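Peer 1: This structure is in structure tokens; I'll ask about it shortly.
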Amino acid sequence: MNLGPHADFIVAAYAVTIFVVAALVAWVVLDYSAQRRVLGDLEESGITRRSQRKAGR
Amino acid sequence: MPVIDLANPTRFLTIVNRALPWLITVTTILFVVGLFYAMNAPDDYQQGAAVKIMFVHVPAAWLGMLGWGLMSVAALGTLVWRHPLADVAGKAAAPIGAAFTFICLVTGSLWGRPTWGTYWVWDARLTSMLVLLILYFGVLALYWTAEEPGRGARAAAILSLVGAVNLPIIKFSVDWWNTLHQPASVFRIGGSTIDPALLIPLLIMALAFTLLFATLQLAVMRNEILRRRVRTMRLMQAQELAGAT
């Protein structure tokens, strides 16, 4: 594949796209594990939501 | 299952947890196929290989606008029907839409230099797209800086509805004003003006990016629901502590 005289522009455009999408995916994955961890800690300390209490009745 | 059942966050989370692995798989496959076709697409007779930038620039532009459209519909849900997931959907769409608008502006600029001879001009299409990115930053600022989430959500919903005025301006800017940016060439009356050898990879990449948007949207909504549960439980913990003293 020959990208010709404008190869730098093409590579830069794809690199920016990959970087931004990768940053979004990383943020989503890290945020998910952080929220799961905090929820787990709260539940371990005995805090339950009202809906969970009703379900447990 | 009735659609109204999706209003229940717990049921919504169950559906999202089932859907995400499938969405991730299909999105990945579509990107592999799309990139294969994109990299093997013929050069444009005027632009040469620089036309390959189109395969990321155009889908990013569509999704930047789709994100704001989604936020506008969610804003109606927040302000009119107070749907429990509407604000979650609007808040989730904002960073994703902003990211795609940013990609559109940067890749457009990188495409403009070899084809137009300049990175940027203040023409109607480019300027209205930049306004969209600034509006996204405004909504994100409202969500992230509001002390009370409900108040931030209402302000963001109002800005989303007001900012929706910019969507037809972006779309028709190339028809209403004399712009350096080319007019619509894919979805237009009379059919696409792009050769199928370039159009097919573009549509595959557009579908891949759209599924990526949907995947991210659902994943961010899931995170937001969990974040709200954490907030509720922390408030309950604080109340219990206050009651004990």
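Here's how to read the names in the structure tokens: chain A, B, ... by the order shown, residue numbers from 1 in each chain, ligand numbers from 1 in the order shown.
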Compile the residues of chain B that lie within 6 Å of chain A, evaluated using only C-alpha atoms, and express the compilation as a list in words.
Peer 2: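 Therefore, the residues near the partner are Ala49, Ile53, Ile103, Thr107, Leu110, Asn223 and Val230 of chain B.
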Peer 1: I need the residues in chain A that are helix (DSSP H, G or I) according to DSSP; give them as a ChimeraX atom specification.
Peer 2: /A:4-44,50-56
Peer 1: So how far away is CA of Phe100 in chain B from CA of Val56 in chain B, in Å?
Peer 2: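 Answer for the CA of Val56 in chain B to CA of Phe100 in chain B separation: 9.8 Å.
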Peer 1: Have a look at CA of Ala75 in chain B and CA of Phe187 in chain B and let me know their distance in Å, one decimal.
Peer 2: 27.0 Å
Peer 1: Can you tell me how far CA of Ala7 in chain B sits from CA of Leu85 in chain B, in Å to one decimal?
Peer 2: 6.2 Å
Peer 1: Residues within 7 Å of range 167-169 of chain B, please, as a list in words. Count only C-alpha atoms; anything in the same chain fewer than 4 positions from it doesn't count.
Peer 2: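 Selected residues are Met65, Ser128 and Ser173 of chain B.
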Peer 1: Write the residues you've just listed into a file as a CSV table (one decimal), in the first residue's frame, and include C-alpha atoms for each of them.
Peer 2:
```csv
chain,number,residue,atom,x,y,z
B,65,MET,CA,-24.1,15.1,15.2
B,128,SER,CA,-20.6,25.3,12.9
B,173,SER,CA,-24.4,25.1,5.8
```
